[in-house]
Each structure stands twice: as structure tokens, then as C-alpha cells.
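Student: My structure is in work.cif, and what it holds is mmCIF, N, CA and C atoms and all ligand atoms:
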```cif
data_start
#
loop_
_atom_site.label_atom_id
_atom_site.label_comp_id
_atom_site.auth_asym_id
_atom_site.auth_seq_id
_atom_site.Cartn_x
_atom_site.Cartn_y
_atom_site.Cartn_z
N MET A 1 81.70 83.38 -70.84
CA MET A 1 81.61 84.03 -69.53
C MET A 1 80.84 85.35 -69.68
N SER A 2 79.80 85.50 -68.90
CA SER A 2 78.95 86.70 -69.00
C SER A 2 79.59 87.88 -68.28
N ASP A 3 79.03 89.08 -68.51
CA ASP A 3 79.52 90.28 -67.81
C ASP A 3 79.41 90.10 -66.30
N LEU A 4 78.30 89.47 -65.86
CA LEU A 4 78.11 89.25 -64.41
C LEU A 4 79.17 88.29 -63.87
N ASP A 5 79.52 87.26 -64.67
CA ASP A 5 80.58 86.32 -64.25
C ASP A 5 81.92 87.06 -64.11
N HIS A 6 82.23 87.95 -65.08
CA HIS A 6 83.47 88.73 -65.00
C HIS A 6 83.45 89.63 -63.76
N PHE A 7 82.29 90.25 -63.50
CA PHE A 7 82.15 91.12 -62.33
C PHE A 7 82.40 90.33 -61.05
N ARG A 8 81.74 89.16 -60.93
CA ARG A 8 81.91 88.32 -59.73
C ARG A 8 83.37 87.90 -59.56
N ALA A 9 84.02 87.50 -60.66
CA ALA A 9 85.42 87.06 -60.59
C ALA A 9 86.31 88.22 -60.15
N PHE A 10 85.99 89.44 -60.63
CA PHE A 10 86.83 90.59 -60.29
C PHE A 10 86.74 90.96 -58.82
N VAL A 11 85.53 90.94 -58.25
CA VAL A 11 85.36 91.36 -56.85
C VAL A 11 85.55 90.19 -55.87
N ALA A 12 85.74 88.96 -56.39
CA ALA A 12 85.81 87.79 -55.52
C ALA A 12 86.93 87.88 -54.49
N ASP A 13 88.08 88.39 -54.88
CA ASP A 13 89.21 88.41 -53.94
C ASP A 13 89.82 89.81 -53.81
N ARG A 14 89.00 90.83 -54.05
CA ARG A 14 89.52 92.20 -53.95
C ARG A 14 88.61 93.05 -53.05
N ASP A 15 89.22 93.97 -52.33
CA ASP A 15 88.45 94.95 -51.57
C ASP A 15 88.20 96.18 -52.44
N VAL A 16 87.34 96.02 -53.43
CA VAL A 16 87.01 97.12 -54.34
C VAL A 16 85.91 97.95 -53.68
N PRO A 17 86.11 99.25 -53.51
CA PRO A 17 85.05 100.07 -52.91
C PRO A 17 83.97 100.42 -53.93
N CYS A 18 82.74 100.52 -53.47
CA CYS A 18 81.65 100.98 -54.32
C CYS A 18 81.97 102.42 -54.75
N PRO A 19 81.89 102.74 -56.05
CA PRO A 19 82.21 104.10 -56.49
C PRO A 19 81.22 105.14 -55.98
N SER A 20 80.07 104.69 -55.50
CA SER A 20 79.07 105.63 -54.98
C SER A 20 79.21 105.86 -53.48
N CYS A 21 79.34 104.77 -52.70
CA CYS A 21 79.31 104.94 -51.24
C CYS A 21 80.58 104.44 -50.54
N GLY A 22 81.45 103.72 -51.26
CA GLY A 22 82.70 103.27 -50.67
C GLY A 22 82.62 101.92 -49.97
N TYR A 23 81.46 101.34 -49.92
CA TYR A 23 81.28 100.03 -49.28
C TYR A 23 82.11 98.98 -50.02
N SER A 24 82.74 98.06 -49.30
CA SER A 24 83.56 97.02 -49.94
C SER A 24 82.68 96.05 -50.71
N LEU A 25 83.05 95.81 -51.96
CA LEU A 25 82.27 94.93 -52.82
C LEU A 25 82.85 93.50 -52.85
N ARG A 26 83.77 93.20 -51.95
CA ARG A 26 84.40 91.87 -51.92
C ARG A 26 83.34 90.78 -51.82
N ASP A 27 83.54 89.76 -52.67
CA ASP A 27 82.69 88.56 -52.71
C ASP A 27 81.23 88.86 -53.06
N LEU A 28 80.97 89.95 -53.68
CA LEU A 28 79.60 90.29 -54.08
C LEU A 28 79.16 89.34 -55.21
N THR A 29 77.93 88.89 -55.18
CA THR A 29 77.44 87.99 -56.22
C THR A 29 76.47 88.66 -57.17
N GLU A 30 75.97 89.86 -56.81
CA GLU A 30 75.08 90.61 -57.69
C GLU A 30 75.80 91.89 -58.12
N ALA A 31 75.44 92.42 -59.26
CA ALA A 31 76.05 93.67 -59.74
C ALA A 31 75.25 94.85 -59.22
N ARG A 32 75.04 94.88 -57.93
CA ARG A 32 74.34 95.98 -57.26
C ARG A 32 74.92 96.11 -55.87
N CYS A 33 75.23 97.37 -55.47
CA CYS A 33 75.82 97.59 -54.16
C CYS A 33 74.80 97.26 -53.07
N PRO A 34 75.15 96.38 -52.11
CA PRO A 34 74.21 96.04 -51.04
C PRO A 34 73.99 97.20 -50.06
N GLU A 35 74.90 98.16 -50.04
CA GLU A 35 74.80 99.27 -49.10
C GLU A 35 73.92 100.40 -49.66
N CYS A 36 74.24 100.88 -50.87
CA CYS A 36 73.50 102.03 -51.41
C CYS A 36 72.52 101.64 -52.52
N GLY A 37 72.59 100.39 -53.01
CA GLY A 37 71.64 99.92 -54.00
C GLY A 37 71.95 100.33 -55.43
N GLU A 38 73.08 101.02 -55.66
CA GLU A 38 73.42 101.45 -57.02
C GLU A 38 73.79 100.24 -57.88
N PRO A 39 73.31 100.21 -59.14
CA PRO A 39 73.75 99.15 -60.05
C PRO A 39 75.21 99.35 -60.42
N LEU A 40 75.94 98.25 -60.58
CA LEU A 40 77.38 98.32 -60.84
C LEU A 40 77.70 97.61 -62.14
N THR A 41 78.78 98.02 -62.77
CA THR A 41 79.26 97.35 -63.97
C THR A 41 80.77 97.38 -63.99
N LEU A 42 81.35 96.37 -64.59
CA LEU A 42 82.80 96.31 -64.74
C LEU A 42 83.13 97.01 -66.05
N GLY A 43 84.12 97.90 -66.04
CA GLY A 43 84.44 98.64 -67.25
C GLY A 43 85.91 98.88 -67.43
N VAL A 44 86.23 99.57 -68.52
CA VAL A 44 87.61 99.92 -68.85
C VAL A 44 87.72 101.44 -68.81
N THR A 45 88.78 101.95 -68.21
CA THR A 45 88.99 103.39 -68.13
C THR A 45 90.46 103.69 -68.38
N LEU A 46 90.76 104.96 -68.57
CA LEU A 46 92.15 105.37 -68.76
C LEU A 46 92.92 105.16 -67.46
N SER A 47 94.14 104.68 -67.57
CA SER A 47 94.94 104.53 -66.36
C SER A 47 95.42 105.88 -65.85
N GLU A 48 95.60 106.83 -66.78
CA GLU A 48 95.95 108.20 -66.38
C GLU A 48 95.01 109.14 -67.13
N PRO A 49 94.14 109.85 -66.46
CA PRO A 49 93.13 110.63 -67.16
C PRO A 49 93.66 111.89 -67.86
N HIS A 50 94.93 112.23 -67.72
CA HIS A 50 95.52 113.40 -68.39
C HIS A 50 94.82 114.70 -68.03
N ILE A 51 94.33 114.81 -66.79
CA ILE A 51 93.64 116.03 -66.40
C ILE A 51 94.61 117.20 -66.32
N GLY A 52 95.90 116.90 -66.16
CA GLY A 52 96.90 117.96 -66.12
C GLY A 52 96.90 118.80 -67.38
N ARG A 53 96.67 118.19 -68.52
CA ARG A 53 96.62 118.92 -69.79
C ARG A 53 95.46 119.92 -69.78
N PHE A 54 94.32 119.48 -69.32
CA PHE A 54 93.16 120.37 -69.25
C PHE A 54 93.42 121.51 -68.27
N ILE A 55 93.99 121.19 -67.12
CA ILE A 55 94.26 122.20 -66.09
C ILE A 55 95.25 123.25 -66.61
N ALA A 56 96.27 122.80 -67.35
CA ALA A 56 97.28 123.74 -67.87
C ALA A 56 96.66 124.79 -68.78
N ILE A 57 95.57 124.45 -69.42
CA ILE A 57 94.89 125.39 -70.31
C ILE A 57 93.81 126.15 -69.56
N TRP A 58 93.14 125.50 -68.66
CA TRP A 58 91.98 126.10 -67.99
C TRP A 58 92.38 127.14 -66.94
N ILE A 59 93.47 126.90 -66.22
CA ILE A 59 93.89 127.81 -65.14
C ILE A 59 94.12 129.24 -65.66
N PRO A 60 94.91 129.46 -66.71
CA PRO A 60 95.12 130.85 -67.16
C PRO A 60 93.83 131.49 -67.67
N LEU A 61 92.95 130.69 -68.26
CA LEU A 61 91.70 131.26 -68.77
C LEU A 61 90.80 131.69 -67.61
N ILE A 62 90.68 130.85 -66.59
CA ILE A 62 89.84 131.19 -65.44
C ILE A 62 90.46 132.34 -64.65
N ALA A 63 91.79 132.35 -64.53
CA ALA A 63 92.45 133.46 -63.83
C ALA A 63 92.22 134.77 -64.58
N GLY A 64 92.32 134.73 -65.89
CA GLY A 64 92.07 135.93 -66.70
C GLY A 64 90.62 136.38 -66.59
N LEU A 65 89.71 135.41 -66.61
CA LEU A 65 88.29 135.74 -66.47
C LEU A 65 88.00 136.37 -65.11
N GLY A 66 88.56 135.80 -64.07
CA GLY A 66 88.36 136.35 -62.72
C GLY A 66 88.96 137.74 -62.59
N PHE A 67 90.19 137.90 -63.06
CA PHE A 67 90.86 139.21 -62.99
C PHE A 67 90.06 140.25 -63.76
N GLY A 68 89.74 139.93 -65.01
CA GLY A 68 89.00 140.89 -65.86
C GLY A 68 87.61 141.16 -65.33
N GLY A 69 86.92 140.12 -64.87
CA GLY A 69 85.55 140.28 -64.39
C GLY A 69 85.48 141.12 -63.13
N VAL A 70 86.31 140.80 -62.16
CA VAL A 70 86.27 141.51 -60.87
C VAL A 70 86.68 142.97 -61.05
N LEU A 71 87.78 143.19 -61.78
CA LEU A 71 88.23 144.58 -61.95
C LEU A 71 87.28 145.39 -62.84
N SER A 72 86.65 144.76 -63.82
CA SER A 72 85.65 145.46 -64.64
C SER A 72 84.48 145.93 -63.78
N LEU A 73 83.96 145.02 -62.96
CA LEU A 73 82.84 145.38 -62.09
C LEU A 73 83.24 146.47 -61.10
N TRP A 74 84.42 146.32 -60.54
CA TRP A 74 84.93 147.31 -59.59
C TRP A 74 85.09 148.67 -60.30
N GLY A 75 85.66 148.66 -61.49
CA GLY A 75 85.84 149.89 -62.26
C GLY A 75 84.53 150.55 -62.63
N LEU A 76 83.56 149.74 -63.04
CA LEU A 76 82.25 150.29 -63.40
C LEU A 76 81.56 150.88 -62.17
N ALA A 77 81.66 150.20 -61.04
CA ALA A 77 81.06 150.70 -59.80
C ALA A 77 81.75 151.99 -59.35
N ALA A 78 83.04 152.12 -59.64
CA ALA A 78 83.78 153.32 -59.24
C ALA A 78 83.62 154.46 -60.24
N GLY A 79 82.86 154.22 -61.31
CA GLY A 79 82.59 155.28 -62.27
C GLY A 79 83.64 155.44 -63.36
N ALA A 80 84.44 154.41 -63.60
CA ALA A 80 85.44 154.49 -64.67
C ALA A 80 84.75 154.53 -66.03
N ALA A 81 85.37 155.24 -66.97
CA ALA A 81 84.82 155.29 -68.33
C ALA A 81 85.02 153.93 -69.00
N PRO A 82 84.05 153.51 -69.82
CA PRO A 82 84.16 152.19 -70.47
C PRO A 82 85.44 152.03 -71.29
N ASP A 83 85.93 153.14 -71.90
CA ASP A 83 87.15 152.97 -72.70
C ASP A 83 88.38 152.70 -71.82
N GLU A 84 88.32 153.15 -70.56
CA GLU A 84 89.41 152.83 -69.64
C GLU A 84 89.41 151.33 -69.28
N LEU A 85 88.22 150.74 -69.34
CA LEU A 85 88.07 149.33 -68.97
C LEU A 85 88.13 148.39 -70.18
N ALA A 86 88.40 148.95 -71.37
CA ALA A 86 88.38 148.14 -72.59
C ALA A 86 89.27 146.89 -72.49
N PRO A 87 90.52 147.01 -71.99
CA PRO A 87 91.33 145.78 -71.91
C PRO A 87 90.70 144.71 -71.02
N LEU A 88 90.08 145.15 -69.94
CA LEU A 88 89.47 144.17 -69.02
C LEU A 88 88.21 143.55 -69.63
N LEU A 89 87.39 144.39 -70.27
CA LEU A 89 86.18 143.86 -70.89
C LEU A 89 86.53 142.90 -72.03
N LEU A 90 87.55 143.25 -72.82
CA LEU A 90 87.98 142.35 -73.89
C LEU A 90 88.58 141.06 -73.31
N LEU A 91 89.26 141.18 -72.18
CA LEU A 91 89.80 140.00 -71.51
C LEU A 91 88.67 139.04 -71.12
N VAL A 92 87.59 139.60 -70.57
CA VAL A 92 86.43 138.78 -70.20
C VAL A 92 85.81 138.16 -71.45
N LEU A 93 85.69 138.96 -72.53
CA LEU A 93 85.10 138.45 -73.77
C LEU A 93 85.98 137.36 -74.40
N LEU A 94 87.28 137.40 -74.16
CA LEU A 94 88.19 136.38 -74.69
C LEU A 94 88.17 135.11 -73.82
N THR A 95 88.27 135.30 -72.52
CA THR A 95 88.48 134.15 -71.64
C THR A 95 87.20 133.38 -71.31
N ALA A 96 86.06 134.06 -71.22
CA ALA A 96 84.82 133.35 -70.85
C ALA A 96 84.48 132.28 -71.89
N PRO A 97 84.38 132.62 -73.19
CA PRO A 97 84.06 131.54 -74.15
C PRO A 97 85.20 130.54 -74.30
N SER A 98 86.44 130.99 -74.11
CA SER A 98 87.58 130.07 -74.23
C SER A 98 87.57 129.04 -73.11
N ALA A 99 87.27 129.49 -71.89
CA ALA A 99 87.21 128.56 -70.76
C ALA A 99 86.06 127.57 -70.96
N PHE A 100 84.93 128.07 -71.46
CA PHE A 100 83.79 127.19 -71.74
C PHE A 100 84.16 126.18 -72.83
N ALA A 101 84.83 126.65 -73.89
CA ALA A 101 85.24 125.77 -74.99
C ALA A 101 86.23 124.72 -74.50
N ALA A 102 87.13 125.11 -73.58
CA ALA A 102 88.11 124.16 -73.04
C ALA A 102 87.40 123.03 -72.31
N VAL A 103 86.34 123.36 -71.57
CA VAL A 103 85.59 122.32 -70.87
C VAL A 103 84.91 121.40 -71.88
N LYS A 104 84.28 122.00 -72.89
CA LYS A 104 83.56 121.20 -73.89
C LYS A 104 84.51 120.34 -74.72
N GLN A 105 85.73 120.83 -74.97
CA GLN A 105 86.68 120.14 -75.84
C GLN A 105 87.78 119.42 -75.06
N ARG A 106 87.56 119.13 -73.79
CA ARG A 106 88.63 118.55 -72.96
C ARG A 106 89.12 117.21 -73.50
N ARG A 107 88.26 116.44 -74.12
CA ARG A 107 88.70 115.15 -74.68
C ARG A 107 89.63 115.38 -75.87
N ARG A 108 89.30 116.37 -76.70
CA ARG A 108 90.18 116.68 -77.85
C ARG A 108 91.51 117.23 -77.35
N ILE A 109 91.48 118.04 -76.29
CA ILE A 109 92.71 118.59 -75.72
C ILE A 109 93.60 117.45 -75.25
N ARG A 110 92.99 116.46 -74.62
CA ARG A 110 93.73 115.31 -74.10
C ARG A 110 94.42 114.53 -75.21
N ARG A 111 93.83 114.54 -76.40
CA ARG A 111 94.38 113.73 -77.50
C ARG A 111 95.32 114.51 -78.41
N LEU A 112 95.50 115.82 -78.16
CA LEU A 112 96.39 116.62 -79.01
C LEU A 112 97.82 116.08 -78.96
N ASP A 113 98.53 116.21 -80.07
CA ASP A 113 99.94 115.84 -80.03
C ASP A 113 100.70 116.90 -79.24
N THR A 114 101.95 116.64 -78.95
CA THR A 114 102.73 117.52 -78.07
C THR A 114 102.81 118.94 -78.62
N GLN A 115 103.03 119.09 -79.92
CA GLN A 115 103.16 120.42 -80.52
C GLN A 115 101.83 121.18 -80.47
N GLY A 116 100.74 120.50 -80.79
CA GLY A 116 99.43 121.14 -80.74
C GLY A 116 99.07 121.56 -79.33
N PHE A 117 99.38 120.68 -78.37
CA PHE A 117 99.09 121.00 -76.98
C PHE A 117 99.94 122.18 -76.52
N ALA A 118 101.23 122.19 -76.87
CA ALA A 118 102.12 123.29 -76.46
C ALA A 118 101.62 124.62 -77.05
N SER A 119 101.15 124.60 -78.28
CA SER A 119 100.62 125.82 -78.90
C SER A 119 99.39 126.32 -78.15
N LEU A 120 98.51 125.41 -77.79
CA LEU A 120 97.29 125.79 -77.08
C LEU A 120 97.61 126.34 -75.69
N VAL A 121 98.55 125.71 -74.99
CA VAL A 121 98.96 126.21 -73.67
C VAL A 121 99.56 127.61 -73.80
N ALA A 122 100.41 127.79 -74.81
CA ALA A 122 101.03 129.11 -75.01
C ALA A 122 99.97 130.17 -75.25
N MET A 123 98.98 129.87 -76.10
CA MET A 123 97.90 130.85 -76.36
C MET A 123 97.10 131.12 -75.09
N ALA A 124 96.82 130.06 -74.32
CA ALA A 124 96.01 130.22 -73.10
C ALA A 124 96.71 131.10 -72.08
N TRP A 125 98.04 131.09 -72.06
CA TRP A 125 98.78 131.92 -71.10
C TRP A 125 99.10 133.29 -71.68
N ILE A 126 99.51 133.36 -72.94
CA ILE A 126 100.00 134.62 -73.52
C ILE A 126 98.87 135.61 -73.75
N LEU A 127 97.76 135.19 -74.35
CA LEU A 127 96.69 136.15 -74.67
C LEU A 127 96.13 136.85 -73.42
N PRO A 128 95.73 136.14 -72.38
CA PRO A 128 95.27 136.86 -71.18
C PRO A 128 96.34 137.76 -70.59
N THR A 129 97.59 137.29 -70.62
CA THR A 129 98.69 138.11 -70.08
C THR A 129 98.83 139.42 -70.86
N LEU A 130 98.68 139.36 -72.18
CA LEU A 130 98.78 140.59 -72.99
C LEU A 130 97.68 141.58 -72.61
N PHE A 131 96.46 141.09 -72.38
CA PHE A 131 95.37 141.99 -71.99
C PHE A 131 95.63 142.59 -70.61
N VAL A 132 96.18 141.80 -69.70
CA VAL A 132 96.50 142.32 -68.37
C VAL A 132 97.58 143.39 -68.48
N LEU A 133 98.62 143.13 -69.30
CA LEU A 133 99.69 144.12 -69.48
C LEU A 133 99.15 145.39 -70.15
N TRP A 134 98.25 145.25 -71.10
CA TRP A 134 97.60 146.39 -71.76
C TRP A 134 96.85 147.23 -70.71
N PHE A 135 96.10 146.54 -69.83
CA PHE A 135 95.38 147.24 -68.78
C PHE A 135 96.34 147.96 -67.83
N MET A 136 97.40 147.26 -67.41
CA MET A 136 98.38 147.86 -66.49
C MET A 136 99.04 149.08 -67.13
N ALA A 137 99.33 149.01 -68.42
CA ALA A 137 99.97 150.13 -69.10
C ALA A 137 99.03 151.32 -69.26
N SER A 138 97.71 151.05 -69.29
CA SER A 138 96.75 152.15 -69.52
C SER A 138 96.30 152.80 -68.21
N VAL A 139 96.64 152.22 -67.06
CA VAL A 139 96.22 152.80 -65.77
C VAL A 139 97.16 153.91 -65.36
ZN ZN B 201 77.36 101.66 -52.72
#
```
Could you take the file, read its structure, and then write that structure out as C-alpha cells?
Ligand SMILES: [Zn+2]
Tutor:
Amino acid sequence: MSDLDHFRAFVADRDVPCPSCGYSLRDLTEARCPECGEPLTLGVTLSEPHIGRFIAIWIPLIAGLGFGGVLSLWGLAAGAAPDELAPLLLLVLLTAPSAFAAVKQRRRIRRLDTQGFASLVAMAWILPTLFVLWFMASV
């Protein structure tokens, strides 16, 4: 049985929407959407993409980056001395590459064991929080 035969058998009795335009692919005989013309293929994917793991790490990093970035710019515009802004600037220097690395390494994050994932989540929340507390204490 060819890939096209498997595709035809799969869509023969199902209202599967085209992933591009949403058109129903029921009873389709070609592996191409008749509505939008996109080529189609039958594949295997994760039943649960585990995006929650990525979000648990990414949210504190992006929040830290936003907090540090906005307040640094505001402080610089208001004429604050750079040493007063050190916690915020260091927060930006910590969170920007970490958030970028989290995006690049999201597949590895998804495959971490529970202990490794818990350690990474703890670091993602604790380190930005420490810089924010340092900044709050110095104001
Ligand atoms: Zn389509």
C-alpha cells in the first residue's frame, strides 16, 4: 500500500480539515487540497506536544526581560546612573539569551526527565526574581 493509498484510506470517511485552509478533505483522491492547492501528506505527530513545559520556562524569562528592559530604558531616559540600573541591565543580559536558548532548545526541554525539568524551571523563576529583588532593595 503506497503513501497515497494510506492518505486516501484515511480521508475516505473522515471530515479532516486541510491544515492550511480548513477545507474538508473527505473522500479526497489526490494528496493536494482542492481549495488552496497545498500538497498534503499523512504523518505521525505527538499526541501531546508538551508545550506547557516550554511555557513554564519561557514565561519567567520573558517577564524578566520585559521588566528589566522597560525599566532600564525608563531609568536611562530619566537620567539614572548606570550603577543604579545594574540589577536591571544584568537581568536583561541574563534573560535575553536564556529566552532565546529556551526557544532553540525547546525539544531538549520537552525530553528532560522530571528532575532536570524541575531544576530548569526553578532556575528560570528564581534567577530573574533575585535580580528584581536586588533592584527593589537598591531603589
Ligand atoms: Zn487547503
Student: Neighbouring residues of ligand ZN 201 (chain B) are defined here as those with any atom at most 7 Å from a ligand atom, counting all atoms listed in the file; list them as number ranges by chain.
Tutor: A: 17-23, 32-38
Student: Take the residues from that selection and write them out as a short mmCIF file (atom, residue, chain, number, x, y, z; two decimals), in the coordinates of the input, keeping N, CA and C atoms.
Tutor:
```cif
data_model
loop_
_atom_site.label_atom_id
_atom_site.label_comp_id
_atom_site.auth_asym_id
_atom_site.auth_seq_id
_atom_site.Cartn_x
_atom_site.Cartn_y
_atom_site.Cartn_z
N PRO A 17 86.11 99.25 -53.51
CA PRO A 17 85.05 100.07 -52.91
C PRO A 17 83.97 100.42 -53.93
N CYS A 18 82.74 100.52 -53.47
CA CYS A 18 81.65 100.98 -54.32
C CYS A 18 81.97 102.42 -54.75
N PRO A 19 81.89 102.74 -56.05
CA PRO A 19 82.21 104.10 -56.49
C PRO A 19 81.22 105.14 -55.98
N SER A 20 80.07 104.69 -55.50
CA SER A 20 79.07 105.63 -54.98
C SER A 20 79.21 105.86 -53.48
N CYS A 21 79.34 104.77 -52.70
CA CYS A 21 79.31 104.94 -51.24
C CYS A 21 80.58 104.44 -50.54
N GLY A 22 81.45 103.72 -51.26
CA GLY A 22 82.70 103.27 -50.67
C GLY A 22 82.62 101.92 -49.97
N TYR A 23 81.46 101.34 -49.92
CA TYR A 23 81.28 100.03 -49.28
C TYR A 23 82.11 98.98 -50.02
N ARG A 32 75.04 94.88 -57.93
CA ARG A 32 74.34 95.98 -57.26
C ARG A 32 74.92 96.11 -55.87
N CYS A 33 75.23 97.37 -55.47
CA CYS A 33 75.82 97.59 -54.16
C CYS A 33 74.80 97.26 -53.07
N PRO A 34 75.15 96.38 -52.11
CA PRO A 34 74.21 96.04 -51.04
C PRO A 34 73.99 97.20 -50.06
N GLU A 35 74.90 98.16 -50.04
CA GLU A 35 74.80 99.27 -49.10
C GLU A 35 73.92 100.40 -49.66
N CYS A 36 74.24 100.88 -50.87
CA CYS A 36 73.50 102.03 -51.41
C CYS A 36 72.52 101.64 -52.52
N GLY A 37 72.59 100.39 -53.01
CA GLY A 37 71.64 99.92 -54.00
C GLY A 37 71.95 100.33 -55.43
N GLU A 38 73.08 101.02 -55.66
CA GLU A 38 73.42 101.45 -57.02
C GLU A 38 73.79 100.24 -57.88
#
```
Student: What are the nearest atom pairs, with distances in Å to one decimal, for all residues of region 24-119 of chain A that come at most 7 Å from region 3-11 of chain A, using all atoms listed in the file, set out by chain and rising residue number as JSON lines?
Tutor:
```
{"residue": "A:Leu25", "atom": "C", "partner": "A:Val11", "partner_atom": "CA", "distance": 5.2}
{"residue": "A:Arg26", "atom": "CA", "partner": "A:Val11", "partner_atom": "C", "distance": 4.4}
{"residue": "A:Asp27", "atom": "N", "partner": "A:Val11", "partner_atom": "C", "distance": 3.8}
{"residue": "A:Leu28", "atom": "N", "partner": "A:Val11", "partner_atom": "C", "distance": 5.1}
{"residue": "A:Thr29", "atom": "CA", "partner": "A:Arg8", "partner_atom": "CA", "distance": 5.7}
{"residue": "A:Glu30", "atom": "N", "partner": "A:Arg8", "partner_atom": "CA", "distance": 6.8}
{"residue": "A:Ala31", "atom": "N", "partner": "A:Leu4", "partner_atom": "CA", "distance": 6.6}
{"residue": "A:Thr41", "atom": "C", "partner": "A:Phe7", "partner_atom": "CA", "distance": 6.6}
{"residue": "A:Leu42", "atom": "CA", "partner": "A:Phe7", "partner_atom": "CA", "distance": 5.8}
```
Student: Could you tell me which of A:Asp113, A:Gly64, A:Ser72, A:Pro97 comes closest to Leu85 (chain A) if we count only C-alpha atoms?
Tutor: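 Smallest distance to Leu85 (chain A) is found for A:Ser72.
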Student: Just how far from atom C of Ile62 (chain A) is CA of Leu127 (chain A), in Å to one decimal?
Tutor: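 Computing the Euclidean distance for CA of Leu127 (chain A) and atom C of Ile62 (chain A) yields 12.4 Å.
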Student: If I take CA of Val70 (chain A) and CA of Leu89 (chain A), how far is one from the other in Å, to one decimal?
Tutor: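 Separation between CA of Val70 (chain A) and CA of Leu89 (chain A): 10.3 Å.
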Student: Determine which residues of chain A DSSP labels as alpha helix (DSSP H) from the backbone of this structure, then write them out as a PyMOL selection string.
Tutor: chain A and resi 3-12+51-77+86-104+106-111+114-138
Student: Mind pulling up the distance from atom N of Ala78 (chain A) to atom C of Leu61 (chain A)?
Tutor: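 Computed distance, atom C of Leu61 (chain A) to atom N of Ala78 (chain A), equals 23.3 Å.
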Student: Check the smallest atom-to-atom distance from each of A:Arg53, A:Ser24, A:Phe100, A:Ala12 to Phe117 (chain A) using all atoms listed in the file, then report the winner.
Tutor: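 Ranked by minimum distance to Phe117 (chain A), first place goes to A:Arg53.
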Student: Rank nothing, just name the residue among A:Ile59, A:Leu40, A:Val16, A:Leu112 nearest to Trp125 (chain A), using only C-alpha atoms.
Tutor: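 So, comparing all the options, the nearest one is A:Ile59.
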Student: Which residues are near Pro128 (chain A)? Cut-off 7 Å, all atoms listed in the file, ignore same chain within fewer than 3 positions. Put them as a list in words.
Tutor: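 What passes the distance filter is Pro60, Gly64, Leu91, Met123, Ala124, Trp125, Phe131, Val132 and Leu133 of chain A.
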Student: Between A:Gly116, A:Arg111, A:Ala80, A:Gly66, which residue has the minimum interatomic distance to Val92 (chain A), considering all atoms listed in the file?
Tutor: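 Smallest separation from Val92 (chain A) among the options: A:Gly66.
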Student: Could you pull out the strand (DSSP E or B) residues of chain A, going by DSSP on the backbone, and write them as a VMD selection string?
Tutor: chain A and resid 17 24 32 39
Student: Using only C-alpha atoms for the distances, tell me which of A:Leu120, A:Ala56, A:Gly75, A:Val103 is nearest to Val139 (chain A).
Tutor: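 The shortest atom-to-atom distance to Val139 (chain A) comes from A:Gly75.
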Student: Padding of 3 Å on every side, edges along x, y and z, all listed atoms of region 106-109 of chain A included: what centre and edge lengths in Å, to one decimal, does that box have, as JSON?
Tutor:
```
{"center_x": 90.6, "center_y": 117.1, "center_z": -75.4, "size_x": 12.0, "size_y": 10.0, "size_z": 10.9}
```
Student: Measuring atom to atom with all atoms listed in the file, identify which of A:Ile126, A:His50, A:Leu88, A:Ala101 is nearest to Phe67 (chain A).
Tutor: A:Leu88
